[in-house]
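First up is the structure itself, then whatever we jot down about it.
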Amino acid sequence: MRFVDEFRDAEKARVLSARIAELCEPGRQYKFMEVCGGHTHTIYKHGLEDYLPETVSLVHGPGCPVCVIPMGRLDDAIAIAEQPDVIMTSFGDMMRVPGGRGSFFDSNAAGADIRMVYSPLDSLKIARNNPDKRVVFMAIGFETTAPSTALTLKRAKAEGLTNFSCICNHVTIVPPLRALLDSPDLRLDGFIGPGHVSTVVGARPFEFIPADYGKPIVVAGFEPLDVLHAIHMILTQIKEGRCEVENQYARVVPYDGNPRALQVMSEVFELRPHFEWRGLGFISQSGLKLSAAYAEFDAERRYEVPGVRVADPKACQCGEVLKGVIKPWECKVFGTACTPEHAIGTCMVSPEGACAAYYNYGRFASERAVV
């Protein structure tokens with residue numbers, strides 16, 4: 001298959017592996033963070049750690065949008081869904097996420113009408129077809145999915161659909177990275193930058209990482225050779241004494257981003273002063289809310305929500321996993337009390353969650369195979 005098999009060539013991967021090993025200084029340990037959960041799944045699905053020398057380790061970042069949603073936000077959505085004549089709609093990976101009062105699936109079983117959709121436009125269609133119901137879309141995601149929500153709200157406004165609203169949980173990528181870099185818990189040598197987010201915002205927003213923190217970052221694609229190539233590019237920067245933003249995913253990511261997507265986002269959204277992240281706490285200007293021009297579609301203004309903070313289960317260490325402090329298999333309940341079928345934390349539920357990646361691809365320990 002063109003444009004896929006080319007990026008999954010085992011022989012080229014071995015060549016890259018040898019070149020990566022040549023760039024590593026004897027006796028030095030390297031730690032790189034893959035920001036995006038999509039990269040985590042590529043790494044463990046294809047066993048990419050086995051292509052790296054023992055001196056190179058990879059840790060996970062907060063780039064899974066479902067994983068970072070705090071339990072209280074889910075409880076707010078359930079409270080709305082339980083009100084009369086409300087249809088709540090959500091992407092599928094939110095349906096099993098545990099909140100303080102259970103999941104969307106649990107609420108469905110108790111009588112709420114919560115439906116899975118593949119696009120916010122599906123929610124708009126439900127609102128058109130059910131004028132006697134109030135349809136609320138549970139919007140989540142980084143800047144990757146925010147433009148589709150924004151365009152849906154623009155269409156709802158143009159059509160005058162008064163029975164449609166949105167509970168906005170969109171977040172932005174730069175503030176949590178700053179929070180991680182300011183944390184004393186983690187020492188990193190470089191970043192594998194998020195490819196999906198960068199298709200919208202570009203690579204330019206990450207210039208603060210080398211400028212302010214002296215760490216190289218390479219925006220990478222999601223195929224195995226993309227990730228290995230990005231690691232090679234980071235090590236090359238370190239070897240040559242450089243520190244900059246590089247774009248390995250140039251076939252998809254424009255350095256300055258997608259101007260039309262950015263424009264529609266700026267029209268429909270504005271920054272929240274603060275937003276709570278699972279495991280990271282409150283981060284300033286890291287979440288989006290609907291702008292004044294679209295306030296009529298804001299479910300948080302239209303409905304009463306509890307707005308109560310809910311503490312994560314004590315046994316769950318999703319926060320430490322999201323910060324890259326521990327590996328999933330180091331969590332006390334990983335693979336025992338916490339599995340994809342009966343998840344305690346969000347990292348085991350989401351298709352981009354690090355715990356789900358380790359569990360699904362059998363990474364239960366730190367040993368590496370020889371390739």
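Residues are referred to by chain and number: the chain letter is A, B, ... according to the order shown in the structure tokens, the number counts from 1 in that chain, and ligands are numbered separately from 1 in the order shown.
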Considering only C-alpha atoms, give me a table of residues in stretch 117-198 of chain A that are at most 7 Å from stretch 57-76 of chain A, with the closest atom pair and distance in Å for each, as CSV.
residue,atom,partner,partner_atom,distance
A:Ile140,CA,A:Pro65,CA,6.7
A:Gly141,CA,A:Pro65,CA,4.8
A:Phe142,CA,A:Pro65,CA,6.2
For those residues, write N, CA and C atoms to a file as a CSV table (one decimal), in the first residue's frame.
chain,number,residue,atom,x,y,z
A,140,ILE,N,-14.5,17.6,23.2
A,140,ILE,CA,-13.2,17.3,23.8
A,140,ILE,C,-12.2,17.4,22.7
A,141,GLY,N,-10.9,17.5,23.2
A,141,GLY,CA,-9.8,17.4,22.2
A,141,GLY,C,-8.9,18.7,22.3
A,142,PHE,N,-7.7,18.5,21.8
A,142,PHE,CA,-6.8,19.6,21.6
A,142,PHE,C,-7.2,20.4,20.4
Subject >> Filtered DSSP result for stretch 190-311 of chain A, state strand (DSSP E), as number ranges by chain >> reply: A: 190-193, 217-219, 245-247, 269-271, 274-277, 281-284, 288-290
Could you write out that same residue set with C-alpha atoms as a PDB file, in the first residue's frame?
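As written to disk, part09.pdb reads:
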ATOM      1  CA  GLY A 190      14.029  16.468  24.123  1.00  0.00           C
ATOM      2  CA  PHE A 191      10.502  16.127  22.797  1.00  0.00           C
ATOM      3  CA  ILE A 192       8.799  14.192  20.019  1.00  0.00           C
ATOM      4  CA  GLY A 193       6.282  16.869  19.081  1.00  0.00           C
ATOM      5  CA  ILE A 217      11.763  19.247  19.741  1.00  0.00           C
ATOM      6  CA  VAL A 218      10.932  17.454  16.509  1.00  0.00           C
ATOM      7  CA  VAL A 219       7.319  17.352  15.300  1.00  0.00           C
ATOM      8  CA  VAL A 245      12.221  23.142  16.437  1.00  0.00           C
ATOM      9  CA  GLU A 246      12.344  20.756  13.488  1.00  0.00           C
ATOM     10  CA  ASN A 247       9.446  19.428  11.446  1.00  0.00           C
ATOM     11  CA  PHE A 269     -13.601  30.239  21.208  1.00  0.00           C
ATOM     12  CA  GLU A 270     -11.723  32.208  23.809  1.00  0.00           C
ATOM     13  CA  LEU A 271      -9.304  31.119  26.516  1.00  0.00           C
ATOM     14  CA  HIS A 274      -7.936  28.417  34.321  1.00  0.00           C
ATOM     15  CA  PHE A 275      -8.786  24.821  33.478  1.00  0.00           C
ATOM     16  CA  GLU A 276      -8.286  21.679  35.536  1.00  0.00           C
ATOM     17  CA  TRP A 277      -6.248  18.813  34.088  1.00  0.00           C
ATOM     18  CA  GLY A 281      -4.119  20.440  38.449  1.00  0.00           C
ATOM     19  CA  PHE A 282      -5.248  23.865  37.279  1.00  0.00           C
ATOM     20  CA  ILE A 283      -3.260  25.378  34.408  1.00  0.00           C
ATOM     21  CA  SER A 284      -3.737  28.993  33.385  1.00  0.00           C
ATOM     22  CA  LEU A 288     -11.197  26.947  25.633  1.00  0.00           C
ATOM     23  CA  LYS A 289     -14.736  28.183  26.159  1.00  0.00           C
ATOM     24  CA  LEU A 290     -17.292  29.617  23.776  1.00  0.00           C
TER      25      LEU A 290
END
**OP:** Could you please determine the separation between atom CA of A:Gln248 and atom CA of A:Ser198 in Å, to one decimal place?
**Re:** 11.3 Å
Subject >> 12 Å contact set for A:Asp182, only C-alpha atoms, chain neighbours under 5 positions out, as a PyMOL selection string >> reply: chain A and resi 175-177+187-188+209+212-213+280+283+323
Original post:
Between A:Cys36, A:Leu262, A:Cys355, A:Ala343, which has the minimum distance to A:Ile326 (counting only C-alpha atoms)?
Top reply: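 The closest residue to A:Ile326 is A:Cys355.
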Listing only residues of stretch 28-132 of chain A within 12 Å of stretch 162-167 of chain A, what is the closest atom pair and its distance in Å (to one decimal) for each, using only C-alpha atoms, sorted by chain and residue number ascending, as a tab-separated table?
residue	atom	partner	partner_atom	distance
A:Arg73	CA	A:Ile167	CA	9.3
A:Leu74	CA	A:Ile167	CA	10.2
A:Asp75	CA	A:Ile167	CA	11.9
A:Asp76	CA	A:Ile167	CA	9.1
A:Ala77	CA	A:Ile167	CA	7.4
A:Ile78	CA	A:Ile167	CA	11.0
A:Ala79	CA	A:Ile167	CA	11.7
A:Ile80	CA	A:Ile167	CA	9.4
A:Ala81	CA	A:Ile167	CA	11.1
A:Asp85	CA	A:Asn163	CA	10.4
A:Val86	CA	A:Asn163	CA	9.4
A:Ile87	CA	A:Phe164	CA	9.7
A:Met88	CA	A:Cys166	CA	9.4
A:Thr89	CA	A:Cys166	CA	9.4
A:Ser90	CA	A:Ile167	CA	10.3
A:Pro120	CA	A:Cys166	CA	9.5
A:Leu121	CA	A:Phe164	CA	11.1
A:Asp122	CA	A:Phe164	CA	11.6
A:Ser123	CA	A:Phe164	CA	8.2
A:Leu124	CA	A:Phe164	CA	7.0
A:Lys125	CA	A:Phe164	CA	9.8
A:Ile126	CA	A:Phe164	CA	9.1
A:Ala127	CA	A:Phe164	CA	6.0
A:Arg128	CA	A:Asn163	CA	8.4
A:Asn129	CA	A:Asn163	CA	10.7
A:Asn130	CA	A:Asn163	CA	8.7
A:Pro131	CA	A:Asn163	CA	6.7
A:Asp132	CA	A:Asn163	CA	8.0
Could you dump the residues just selected with C-alpha atoms as an mmCIF file, in the first residue's frame?
data_model
loop_
_atom_site.group_PDB
_atom_site.id
_atom_site.type_symbol
_atom_site.label_atom_id
_atom_site.label_comp_id
_atom_site.auth_asym_id
_atom_site.auth_seq_id
_atom_site.Cartn_x
_atom_site.Cartn_y
_atom_site.Cartn_z
ATOM 1 C CA ARG A 73 -16.177 17.641 34.139
ATOM 2 C CA LEU A 74 -17.708 14.262 33.298
ATOM 3 C CA ASP A 75 -20.031 14.546 36.286
ATOM 4 C CA ASP A 76 -21.135 17.980 35.010
ATOM 5 C CA ALA A 77 -22.011 16.442 31.632
ATOM 6 C CA ILE A 78 -23.944 13.599 33.286
ATOM 7 C CA ALA A 79 -25.902 16.140 35.348
ATOM 8 C CA ILE A 80 -26.955 17.852 32.117
ATOM 9 C CA ALA A 81 -27.810 14.528 30.451
ATOM 10 C CA ASP A 85 -35.700 16.057 27.205
ATOM 11 C CA VAL A 86 -31.892 16.209 26.884
ATOM 12 C CA ILE A 87 -29.893 14.128 24.405
ATOM 13 C CA MET A 88 -26.181 14.150 25.234
ATOM 14 C CA THR A 89 -23.799 13.251 22.384
ATOM 15 C CA SER A 90 -20.161 12.278 22.700
ATOM 16 C CA PRO A 120 -20.039 17.129 15.945
ATOM 17 C CA LEU A 121 -22.047 17.426 12.720
ATOM 18 C CA ASP A 122 -23.765 14.164 13.717
ATOM 19 C CA SER A 123 -24.954 15.974 16.839
ATOM 20 C CA LEU A 124 -26.275 18.808 14.721
ATOM 21 C CA LYS A 125 -28.226 16.312 12.621
ATOM 22 C CA ILE A 126 -29.757 14.815 15.772
ATOM 23 C CA ALA A 127 -30.819 18.325 16.840
ATOM 24 C CA ARG A 128 -32.464 18.946 13.450
ATOM 25 C CA ASN A 129 -34.293 15.610 13.577
ATOM 26 C CA ASN A 130 -35.470 16.075 17.182
ATOM 27 C CA PRO A 131 -36.774 19.651 17.490
ATOM 28 C CA ASP A 132 -38.634 18.729 20.684
#
Original post:
Which of these, A:Arg260, A:Arg134, A:His196, A:Lys31, has the shortest distance to A:Pro216 once you count only C-alpha atoms?
Top reply: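 Selected residue with least distance to A:Pro216: A:Lys31.
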Subject >> Exercise: stretch 10-24 of chain A partners within 8 Å, only C-alpha atoms, chain neighbours under 6 positions left out, as a ChimeraX atom specification >> reply: /A:51-53,55,224-225,228-229,231-232,235-236,239,371
Save the residues we just selected, C-alpha atoms, as a PDB file, in the first residue's frame?
ATOM      1  CA  TYR A  51      15.018  -0.638  18.051  1.00  0.00           C
ATOM      2  CA  LEU A  52      16.532   1.819  20.515  1.00  0.00           C
ATOM      3  CA  PRO A  53      19.686   1.404  22.597  1.00  0.00           C
ATOM      4  CA  THR A  55      20.534   4.459  26.875  1.00  0.00           C
ATOM      5  CA  PRO A 224       7.133   3.670  12.837  1.00  0.00           C
ATOM      6  CA  LEU A 225       9.800   5.223  10.629  1.00  0.00           C
ATOM      7  CA  LEU A 228      12.499   6.625  14.678  1.00  0.00           C
ATOM      8  CA  HIS A 229      13.461   9.419  12.295  1.00  0.00           C
ATOM      9  CA  ILE A 231      14.483  10.397  17.550  1.00  0.00           C
ATOM     10  CA  HIS A 232      17.422  10.410  15.137  1.00  0.00           C
ATOM     11  CA  LEU A 235      19.966  13.070  18.819  1.00  0.00           C
ATOM     12  CA  THR A 236      21.580  14.786  15.831  1.00  0.00           C
ATOM     13  CA  LYS A 239      25.333  15.777  18.960  1.00  0.00           C
ATOM     14  CA  VAL A 371      16.056  -6.690  16.783  1.00  0.00           C
TER      15      VAL A 371
END
